[in-house]
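Content type compact mmCIF, C-alpha atoms, from the file upload08.txt:
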```
# COMPACT_ATOMS: atom_id res chain seq x y z
CA MET A 137 76.70 111.42 169.55
CA LYS A 138 78.07 109.19 172.28
CA ILE A 139 77.95 105.48 172.94
CA HIS A 140 78.77 103.95 176.31
CA GLY A 141 79.91 107.41 177.43
CA GLN A 142 82.43 107.79 174.60
CA ASP A 143 82.39 109.85 171.41
CA LEU A 144 81.14 107.57 168.62
CA PHE A 145 84.05 108.30 166.28
CA ASP A 146 86.62 107.29 168.92
CA PHE A 147 84.55 104.26 169.89
CA LEU A 148 84.52 102.95 166.29
CA GLU A 149 88.18 103.79 165.68
CA GLU A 150 89.37 102.04 168.85
CA ARG A 151 87.50 98.90 167.83
CA GLY A 152 89.04 98.83 164.38
CA LEU A 153 85.75 99.47 162.60
CA LEU A 154 86.83 102.67 160.86
CA TYR A 155 89.05 101.91 157.86
CA GLN A 156 88.66 104.67 155.23
CA THR A 157 86.93 108.02 154.87
CA PRO A 158 87.46 110.93 152.45
CA ASN A 159 87.65 113.47 155.26
CA LYS A 160 88.36 112.29 158.79
CA GLU A 161 87.47 115.56 160.49
CA GLU A 162 84.15 115.86 158.65
CA LEU A 163 83.28 112.26 159.47
CA LYS A 164 84.09 112.94 163.12
CA LYS A 165 81.68 115.90 163.09
CA ILE A 166 78.92 113.76 161.57
CA LEU A 167 79.39 110.80 163.91
CA ASN A 168 79.74 112.87 167.07
CA GLY A 169 77.14 115.51 166.13
CA GLU A 170 73.36 115.60 165.85
CA PRO A 171 71.52 112.53 164.47
CA VAL A 172 71.95 111.99 160.73
CA THR A 173 70.63 109.40 158.31
CA PHE A 174 73.11 106.82 157.03
CA TYR A 175 72.87 103.70 154.90
CA LEU A 176 74.47 100.33 154.26
CA GLY A 177 73.90 98.31 151.10
CA ILE A 178 73.95 94.51 150.79
CA ASP A 179 73.31 92.66 147.53
CA PRO A 180 71.13 89.53 147.77
CA THR A 181 73.37 87.35 145.57
CA ALA A 182 72.91 84.52 148.08
CA ASN A 183 70.17 83.63 150.55
CA ALA A 184 72.27 84.18 153.68
CA LEU A 185 74.89 86.45 155.20
CA HIS A 186 78.49 85.47 155.96
CA ILE A 187 80.82 86.72 158.68
CA GLY A 188 82.38 89.16 156.20
CA HIS A 189 79.25 91.29 156.66
CA LEU A 190 79.67 91.51 160.41
CA CYS A 191 82.00 94.54 160.58
CA SER A 192 79.59 96.71 158.60
CA LEU A 193 76.54 95.38 160.44
CA ARG A 194 78.18 96.01 163.81
CA ALA A 195 79.07 99.54 162.73
CA PHE A 196 75.44 100.00 161.61
CA ARG A 197 74.17 98.91 165.03
CA TYR A 198 76.62 101.15 166.89
CA LEU A 199 75.50 104.15 164.83
CA GLN A 200 71.90 103.26 165.62
CA ASP A 201 72.61 102.84 169.34
CA ALA A 202 74.24 106.28 169.38
CA GLY A 203 71.06 107.80 167.87
CA HIS A 204 71.76 108.01 164.13
CA LYS A 205 69.03 106.86 161.75
CA GLY A 206 69.86 103.80 159.65
CA ILE A 207 68.70 102.57 156.25
CA LEU A 208 69.59 99.08 155.02
CA VAL A 209 69.38 98.86 151.22
CA ILE A 210 69.10 95.32 149.89
CA GLY A 211 70.12 95.50 146.25
CA GLY A 212 67.38 93.87 144.25
CA ALA A 213 68.61 95.84 141.21
CA THR A 214 72.38 95.70 141.74
CA ALA A 215 72.26 91.96 142.48
CA GLN A 216 71.01 91.43 138.93
CA ILE A 217 74.27 92.95 137.66
CA GLY A 218 76.82 91.70 140.18
CA ASP A 219 79.51 93.75 141.87
CA PRO A 220 82.87 93.32 140.05
CA SER A 221 84.86 94.42 143.11
CA GLY A 222 87.72 92.03 143.80
CA ARG A 223 86.63 89.63 141.06
CA GLN A 224 88.80 87.94 138.45
CA ASP A 225 85.78 86.66 136.56
CA MET A 226 82.23 87.78 135.92
CA ARG A 227 79.65 86.79 138.51
CA ALA A 228 77.15 84.18 137.42
CA MET A 229 73.85 85.73 136.42
CA ILE A 230 70.98 84.90 138.76
CA SER A 231 67.29 85.07 137.95
CA LYS A 232 65.01 87.84 139.15
CA GLU A 233 62.99 85.24 141.05
CA THR A 234 66.09 84.04 142.90
CA VAL A 235 67.07 87.62 143.71
CA GLU A 236 63.62 88.19 145.22
CA ASP A 237 63.83 85.02 147.33
CA ASN A 238 67.33 85.92 148.49
CA LEU A 239 66.23 89.47 149.30
CA ASN A 240 63.58 88.25 151.72
CA ALA A 241 66.05 85.88 153.37
CA ILE A 242 68.73 88.56 153.75
CA ALA A 243 66.23 90.96 155.32
CA GLY A 244 65.38 88.31 157.91
CA PHE A 245 69.04 87.65 158.75
CA ALA A 246 69.86 91.36 158.94
CA LYS A 247 67.19 91.89 161.59
CA LYS A 248 69.32 89.76 163.93
CA PHE A 249 72.01 92.46 163.87
CA ILE A 250 70.20 95.78 163.47
CA VAL A 251 67.17 97.25 165.23
CA THR A 252 63.99 97.49 163.14
CA ASP A 253 61.51 98.41 165.89
CA GLY A 254 61.36 100.61 168.97
CA ASP A 255 62.30 104.28 169.22
CA ASN A 256 64.95 104.38 166.47
CA PRO A 257 64.11 101.65 163.97
CA ALA A 258 66.12 101.09 160.81
CA ILE A 259 64.20 100.90 157.57
CA ILE A 260 64.90 98.25 154.96
CA LEU A 261 64.58 99.20 151.29
CA ASN A 262 65.03 97.48 147.93
CA ASN A 263 66.87 99.55 145.31
CA ASN A 264 64.88 97.87 142.57
CA ASP A 265 61.90 99.90 143.78
CA TRP A 266 63.46 103.09 142.38
CA MET A 267 65.35 101.52 139.49
CA LYS A 268 62.70 99.31 137.86
CA ASN A 269 60.80 102.18 136.24
CA TYR A 270 63.84 104.34 135.47
CA SER A 271 64.27 104.21 131.69
CA TYR A 272 67.71 103.27 130.37
CA VAL A 273 68.04 106.43 128.28
CA ASP A 274 66.92 108.70 131.13
CA PHE A 275 69.37 107.02 133.51
CA LEU A 276 72.26 107.53 131.08
CA ARG A 277 71.30 111.18 130.59
CA ASP A 278 70.72 111.91 134.30
CA VAL A 279 73.48 109.82 135.87
CA GLY A 280 75.81 108.36 133.23
CA THR A 281 76.87 111.76 131.95
CA HIS A 282 78.62 112.42 135.28
CA PHE A 283 80.90 109.36 135.05
CA ASN A 284 84.29 109.51 133.35
CA VAL A 285 85.22 106.06 132.03
CA ASN A 286 88.96 106.66 132.53
CA VAL A 287 88.33 107.39 136.22
CA MET A 288 86.09 104.34 136.55
CA LEU A 289 88.69 102.03 135.04
CA ALA A 290 91.26 103.27 137.54
CA ALA A 291 89.01 102.20 140.45
CA GLU A 292 89.92 99.07 142.37
CA ALA A 293 86.45 97.69 141.63
CA TYR A 294 87.37 97.22 137.97
CA LYS A 295 91.15 96.65 138.06
CA LYS A 296 91.16 92.86 138.34
CA ARG A 297 88.43 92.41 135.79
CA LEU A 298 90.21 94.75 133.39
CA ALA A 299 93.52 92.94 133.93
CA THR A 300 91.96 89.63 132.90
CA GLY A 301 90.59 91.22 129.72
CA GLY A 302 87.03 90.26 130.59
CA LEU A 303 85.36 93.43 131.90
CA THR A 304 81.84 93.63 130.49
CA PHE A 305 79.56 96.59 129.84
CA LEU A 306 77.11 95.01 132.30
CA GLU A 307 79.64 95.24 135.12
CA MET A 308 80.49 98.83 134.21
CA GLY A 309 76.91 99.70 135.09
CA TYR A 310 77.30 98.65 138.70
CA MET A 311 79.07 101.77 139.97
CA PRO A 312 76.60 104.28 138.46
CA ILE A 313 73.62 102.39 139.91
CA GLN A 314 75.12 102.15 143.40
CA SER A 315 76.06 105.82 143.16
CA TYR A 316 72.51 106.70 142.24
CA ASP A 317 71.31 104.76 145.30
CA PHE A 318 73.21 107.25 147.46
CA GLU A 319 71.80 110.19 145.51
CA TYR A 320 68.25 108.83 145.75
CA LEU A 321 68.56 108.27 149.50
CA HIS A 322 70.10 111.71 149.97
CA ASN A 323 67.28 113.40 148.06
CA THR A 324 64.48 111.29 149.58
CA TYR A 325 65.62 110.67 153.15
CA GLY A 326 68.34 113.26 153.69
CA CYS A 327 70.98 110.52 153.88
CA MET A 328 74.39 112.05 154.64
CA LEU A 329 76.62 109.01 155.14
CA GLN A 330 77.22 105.65 153.47
CA ILE A 331 78.97 102.84 155.33
CA GLY A 332 80.24 99.55 153.92
CA GLY A 333 83.20 97.22 153.49
CA SER A 334 86.46 98.59 152.15
CA ASP A 335 85.94 96.76 148.85
CA GLN A 336 83.15 99.29 148.21
CA TRP A 337 85.39 102.34 148.58
CA GLY A 338 85.40 103.29 144.89
CA ASN A 339 81.63 102.90 144.58
CA MET A 340 81.00 104.90 147.75
CA VAL A 341 83.28 107.78 146.75
CA ALA A 342 81.65 107.79 143.31
CA GLY A 343 78.25 108.18 144.94
CA ALA A 344 79.41 111.08 147.09
CA ASP A 345 80.96 112.67 144.01
CA LEU A 346 77.73 112.27 142.02
CA ILE A 347 75.80 114.10 144.74
CA ARG A 348 78.39 116.89 144.83
CA LYS A 349 78.29 117.31 141.04
CA LYS A 350 74.50 117.39 140.80
CA SER A 351 73.52 119.34 143.91
CA GLY A 352 76.67 120.80 145.41
CA HIS A 353 75.93 118.96 148.66
CA ILE A 354 78.79 117.30 150.54
CA VAL A 355 78.15 113.84 151.98
CA GLN A 356 80.52 111.36 153.60
CA ALA A 357 81.53 107.72 153.32
CA MET A 358 83.06 105.36 155.85
CA THR A 359 84.41 101.89 155.20
CA THR A 360 84.99 99.07 157.63
CA PRO A 361 87.82 96.55 157.17
CA LEU A 362 87.21 93.37 155.19
CA LEU A 363 87.33 89.95 156.78
CA LEU A 364 89.31 87.75 154.38
CA ASN A 365 89.14 84.02 153.73
CA SER A 366 92.00 81.58 154.31
CA LYS A 367 93.53 82.57 150.95
CA GLY A 368 93.63 86.24 151.89
CA GLU A 369 90.79 87.01 149.46
CA LYS A 370 87.54 88.92 149.87
CA MET A 371 84.90 86.70 151.46
CA GLY A 372 82.12 86.85 148.88
CA LYS A 373 78.64 85.36 148.83
CA THR A 374 79.25 83.78 145.41
CA ALA A 375 82.91 82.81 145.94
CA GLY A 376 84.39 79.98 147.96
CA GLY A 377 85.70 80.27 151.50
CA ALA A 378 82.81 82.15 153.10
CA LEU A 379 81.75 81.30 156.65
CA TRP A 380 77.97 81.61 156.71
CA VAL A 381 75.73 82.98 159.42
CA ASP A 382 72.96 80.40 159.72
CA SER A 383 69.44 80.77 161.01
CA GLY A 384 70.48 79.66 164.48
```
Take the structure in this file and express it as structure tokens.
Amino acid sequence: MKIHGQDLFDFLEERGLLYQTPNKEELKKILNGEPVTFYLGIDPTANALHIGHLCSLRAFRYLQDAGHKGILVIGGATAQIGDPSGRQDMRAMISKETVEDNLNAIAGFAKKFIVTDGDNPAIILNNNDWMKNYSYVDFLRDVGTHFNVNVMLAAEAYKKRLATGGLTFLEMGYMPIQSYDFEYLHNTYGCMLQIGGSDQWGNMVAGADLIRKKSGHIVQAMTTPLLLNSKGEKMGKTAGGALWVDSG
């Protein structure tokens, strides 16, 4: 696929929007080839977006403009757990009602950056729709059995929390659920690519690995660089230092 007369892969790379991928040549084939379905996930842990989301949202829009088919997953399930990536402490628990309110707000903000109508509209999904009726035991048997705890603990997502001695079992569940999101979207929509910020690298690779283990199918991941706050830290929705995108 091309955008503004240029191969999409080169276009993204020249603009600094391509940070990590497991296989550069395979990603190039996907981005420059026939239309594929891709997805980006955002957790509604706040009721607005901040500028740290912009790299991934811009990449999303560029993929759309080139002809690829986008899915935005707003994490109504994962927001109830809280992503431990880059954290030194556990995220504050938020109520299901707050998650639902935030989800609706995030969907509205996201529509300012991605296309949800016309010839190639993105679809917006809530991962709680496929998680809420998935029994705990079935999930552990179907998904949990494919996760090695030693490998998980080596992931950047858990390193800081582990170093502080405060990693909880709740937080350990985040990676398997996000990984299952990728598997669900692959099985249901033919999703072949996940995009997201570089803090999600471990979760994204885990999702691709889950799909490979269960079906033998090879999918790809692509991260965009993080925008950091004035302290050089990840700009998070529930941490200080975020610059918010308001309704204007």
Problem - Interatomic distance (Å, one decimal) between CA of Leu193 (chain A) and CA of Arg297 (chain A) - result: 27.5 Å
Problem - Residue list as number ranges by chain for point (80.3, 112.2, 146.6), cut-off 9 Å, all atoms listed in the file - result: A: 315, 318-319, 340-349, 353-357
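Distance check against Gly333 (chain A) using only C-alpha atoms: of A:Ala228, A:Leu190, A:Ile139, A:Ile217, the minimum falls on A:Leu190.
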Practice task
Could you tell me how far CA of Pro257 (chain A) lies from CA of Cys327 (chain A), in Å and to one decimal?
Solution key: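 CA of Pro257 (chain A) sits 15.1 Å away from CA of Cys327 (chain A).
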Exercise for the section: Would you please work out which residue, of A:Trp337, A:Phe147, A:Tyr294, A:Tyr316, is nearest to Val279 (chain A) when using only C-alpha atoms? Expected result: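 Ranking A:Trp337, A:Phe147, A:Tyr294, A:Tyr316 by distance to Val279 (chain A), first place goes to A:Tyr316.
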Exercise for the section: Skip Gly309 (chain A) itself and residues of its chain fewer than 4 positions away, then list as JSON, numbers by chain all residues within 10 Å of it, counting all atoms listed in the file. Expected result: {"A": [214, 217, 218, 219, 276, 280, 304, 305, 313, 314]}
Completion exercise
Using only C-alpha atoms, the best pick from A:Met226, A:Ala258, A:Leu199, A:Leu208 as closest to Gly302 (chain A) would be A:Met226
Handout entry: Selected residue of minimal separation from Tyr198 (chain A) among A:Ile242, A:Pro312, A:Leu303, A:Asp143, counting all atoms listed in the file
Key =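 Closest to Tyr198 (chain A) of all the choices is A:Asp143.
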Practice task
For Gly169 (chain A), list every protein, DNA or RNA residue within 9 Å, evaluated using all atoms listed in the file, and leave out those in the same chain fewer than 4 positions away; present the list as a count of residues only.
Solution key: 4
Handout entry: Top pick for closest residue to Leu298 (chain A), considering A:Asp278, A:Ser221, A:Gln156, A:Gly326 and counting only C-alpha atoms
Key = A:Ser221
Exercise for the section: Grab the CA of Leu154 (chain A) to CA of Pro361 (chain A) distance for me, in Å with one decimal place. Expected result: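 According to the coordinates, CA of Leu154 (chain A) and CA of Pro361 (chain A) are separated by 7.2 Å.
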